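S.K.: Once you've had a glance at the structure underneath, I'll fire off some questions.
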Amino acid sequence: MFDDLPPDLVRLDALRVWHALWLERIDRKIAHVRQRQAEEEHGRRTRPLPPDWIVELHRGTGEPLNVHDGACGMTGRRQRTISRDEARRLLTTGEVQACPFCHPDTQLHIIDLAARTDRPCGTPNARTVPPPTGRPAMTT
């Protein structure tokens, strides 16, 4: 039936040992891949949920700057998790701004912040920035 195999016992034994070694390597690799998949699945199941609300902190002073949704990708590196009530308090008292990208004020159903959130996160209030001086206006 399988005529491509050698006729003598010594070479057949050598082939059997060689194939047994390959099967052992394959079995070790299968066990390794199964272990890695089990660890990844465990990591996915036990990973903590992202926070609902985040306050971005000033780099130098640590003061709150902006409120973000927990899934917002525009948060800075310095941040802390806050509760829904604290996010609403920070936004309604005017202590911090709402992120213009994830709009936490809209998600928190705060509708009167439109005048304060028309600038990007972390930029100074337009009323406090002095107008440019010293350069004449360009005319076309």
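Letters A, B, ... go to the chains of the structure tokens in the order shown; residues in each chain start at 1; ligands are counted from 1 in the same order.
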Give me the residues within 12 Å of Arg77 of chain A as number ranges by chain, counting only C-alpha atoms and dropping any in the same chain fewer than 3 places off.

M.R.: A: 54-59, 62, 73-74, 80

S.K.: As a PDB file with N, CA and C atoms, in the first residue's frame, please: the residues near Gly70 of chain A (cut-off 10 Å, only C-alpha atoms, same-chain neighbours under 3 positions excluded).

M.R.:
ATOM      1  N   LEU A  49     -13.971  47.659  33.926  1.00  0.00           N
ATOM      2  CA  LEU A  49     -14.723  48.495  32.989  1.00  0.00           C
ATOM      3  C   LEU A  49     -14.152  49.909  32.998  1.00  0.00           C
ATOM      4  N   PRO A  50     -14.208  50.608  31.869  1.00  0.00           N
ATOM      5  CA  PRO A  50     -13.734  51.994  31.866  1.00  0.00           C
ATOM      6  C   PRO A  50     -14.635  52.842  32.761  1.00  0.00           C
ATOM      7  N   PRO A  51     -14.068  53.894  33.339  1.00  0.00           N
ATOM      8  CA  PRO A  51     -14.899  54.742  34.210  1.00  0.00           C
ATOM      9  C   PRO A  51     -15.962  55.469  33.397  1.00  0.00           C
ATOM     10  N   ASP A  52     -17.023  55.863  34.068  1.00  0.00           N
ATOM     11  CA  ASP A  52     -18.087  56.602  33.382  1.00  0.00           C
ATOM     12  C   ASP A  52     -17.662  58.031  33.079  1.00  0.00           C
ATOM     13  N   TRP A  53     -16.949  58.672  34.028  1.00  0.00           N
ATOM     14  CA  TRP A  53     -16.582  60.069  33.874  1.00  0.00           C
ATOM     15  C   TRP A  53     -15.154  60.270  34.350  1.00  0.00           C
ATOM     16  N   ILE A  54     -14.434  61.146  33.665  1.00  0.00           N
ATOM     17  CA  ILE A  54     -13.035  61.438  33.981  1.00  0.00           C
ATOM     18  C   ILE A  54     -12.864  62.942  34.038  1.00  0.00           C
ATOM     19  N   VAL A  55     -12.083  63.403  34.993  1.00  0.00           N
ATOM     20  CA  VAL A  55     -11.692  64.809  35.013  1.00  0.00           C
ATOM     21  C   VAL A  55     -10.215  64.860  34.655  1.00  0.00           C
ATOM     22  N   VAL A  67     -13.922  67.956  31.889  1.00  0.00           N
ATOM     23  CA  VAL A  67     -14.647  66.730  32.188  1.00  0.00           C
ATOM     24  C   VAL A  67     -14.818  65.972  30.882  1.00  0.00           C
ATOM     25  N   GLY A  73     -11.248  59.644  23.855  1.00  0.00           N
ATOM     26  CA  GLY A  73      -9.848  59.467  23.512  1.00  0.00           C
ATOM     27  C   GLY A  73      -9.036  60.741  23.590  1.00  0.00           C
ATOM     28  N   THR A  75      -8.582  62.604  26.350  1.00  0.00           N
ATOM     29  CA  THR A  75      -8.143  62.937  27.703  1.00  0.00           C
ATOM     30  C   THR A  75      -6.627  62.983  27.743  1.00  0.00           C
ATOM     31  N   THR A  81     -10.789  59.440  37.975  1.00  0.00           N
ATOM     32  CA  THR A  81     -12.173  59.032  37.811  1.00  0.00           C
ATOM     33  C   THR A  81     -13.050  59.837  38.758  1.00  0.00           C
ATOM     34  N   ILE A  82     -14.197  60.247  38.258  1.00  0.00           N
ATOM     35  CA  ILE A  82     -15.154  60.967  39.100  1.00  0.00           C
ATOM     36  C   ILE A  82     -16.531  60.349  38.926  1.00  0.00           C
ATOM     37  N   CYS A 102     -16.277  64.796  23.266  1.00  0.00           N
ATOM     38  CA  CYS A 102     -17.201  63.767  23.754  1.00  0.00           C
ATOM     39  C   CYS A 102     -18.486  64.366  24.345  1.00  0.00           C
ATOM     40  N   PRO A 104     -19.649  65.763  27.395  1.00  0.00           N
ATOM     41  CA  PRO A 104     -20.252  65.204  28.604  1.00  0.00           C
ATOM     42  C   PRO A 104     -21.434  66.029  29.101  1.00  0.00           C
TER      43      PRO A 104
END

S.K.: Please, which residues of segment 86-117 of chain A, numbered as in this document, come out helix (DSSP H, G or I) from DSSP, as a PyMOL selection string?

M.R.: chain A and resi 86-93+104-107

S.K.: For the selection you just gave me, I'd like the residues written to a file as an mmCIF file, in the first residue's frame, keeping N, CA and C atoms.

M.R.:
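Everything below was put into out.cif:
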data_model
loop_
_atom_site.group_PDB
_atom_site.id
_atom_site.type_symbol
_atom_site.label_atom_id
_atom_site.label_comp_id
_atom_site.auth_asym_id
_atom_site.auth_seq_id
_atom_site.Cartn_x
_atom_site.Cartn_y
_atom_site.Cartn_z
ATOM 1 N N GLU A 86 -20.367 64.276 40.697
ATOM 2 C CA GLU A 86 -19.246 65.212 40.713
ATOM 3 C C GLU A 86 -19.038 65.838 39.339
ATOM 4 N N ALA A 87 -19.235 65.058 38.275
ATOM 5 C CA ALA A 87 -19.110 65.612 36.917
ATOM 6 C C ALA A 87 -20.146 66.700 36.697
ATOM 7 N N ARG A 88 -21.380 66.445 37.109
ATOM 8 C CA ARG A 88 -22.435 67.461 36.963
ATOM 9 C C ARG A 88 -22.103 68.705 37.790
ATOM 10 N N ARG A 89 -21.598 68.500 39.012
ATOM 11 C CA ARG A 89 -21.262 69.640 39.875
ATOM 12 C C ARG A 89 -20.148 70.478 39.261
ATOM 13 N N LEU A 90 -19.092 69.818 38.766
ATOM 14 C CA LEU A 90 -17.972 70.548 38.176
ATOM 15 C C LEU A 90 -18.409 71.350 36.951
ATOM 16 N N LEU A 91 -19.266 70.757 36.135
ATOM 17 C CA LEU A 91 -19.702 71.437 34.915
ATOM 18 C C LEU A 91 -20.672 72.585 35.214
ATOM 19 N N THR A 92 -21.575 72.376 36.153
ATOM 20 C CA THR A 92 -22.589 73.405 36.406
ATOM 21 C C THR A 92 -22.057 74.568 37.227
ATOM 22 N N THR A 93 -21.032 74.341 38.029
ATOM 23 C CA THR A 93 -20.472 75.455 38.808
ATOM 24 C C THR A 93 -19.484 76.267 38.001
ATOM 25 N N PRO A 104 -19.649 65.763 27.395
ATOM 26 C CA PRO A 104 -20.252 65.204 28.604
ATOM 27 C C PRO A 104 -21.434 66.029 29.101
ATOM 28 N N ASP A 105 -21.459 67.310 28.789
ATOM 29 C CA ASP A 105 -22.595 68.127 29.208
ATOM 30 C C ASP A 105 -23.884 67.649 28.545
ATOM 31 N N THR A 106 -23.799 67.259 27.295
ATOM 32 C CA THR A 106 -24.980 66.742 26.597
ATOM 33 C C THR A 106 -25.387 65.391 27.179
ATOM 34 N N GLN A 107 -24.403 64.551 27.455
ATOM 35 C CA GLN A 107 -24.701 63.234 28.016
ATOM 36 C C GLN A 107 -25.285 63.330 29.423
#

S.K.: Interatomic distance between atom CA of Ile26 of chain A and atom CA of Leu9 of chain A?

M.R.: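 Interatomic distance here is 25.5 Å.
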
S.K.: To one decimal place in Å, what is the distance between atom CA of Ala98 of chain A and atom CA of Arg78 of chain A?

M.R.: 16.2 Å
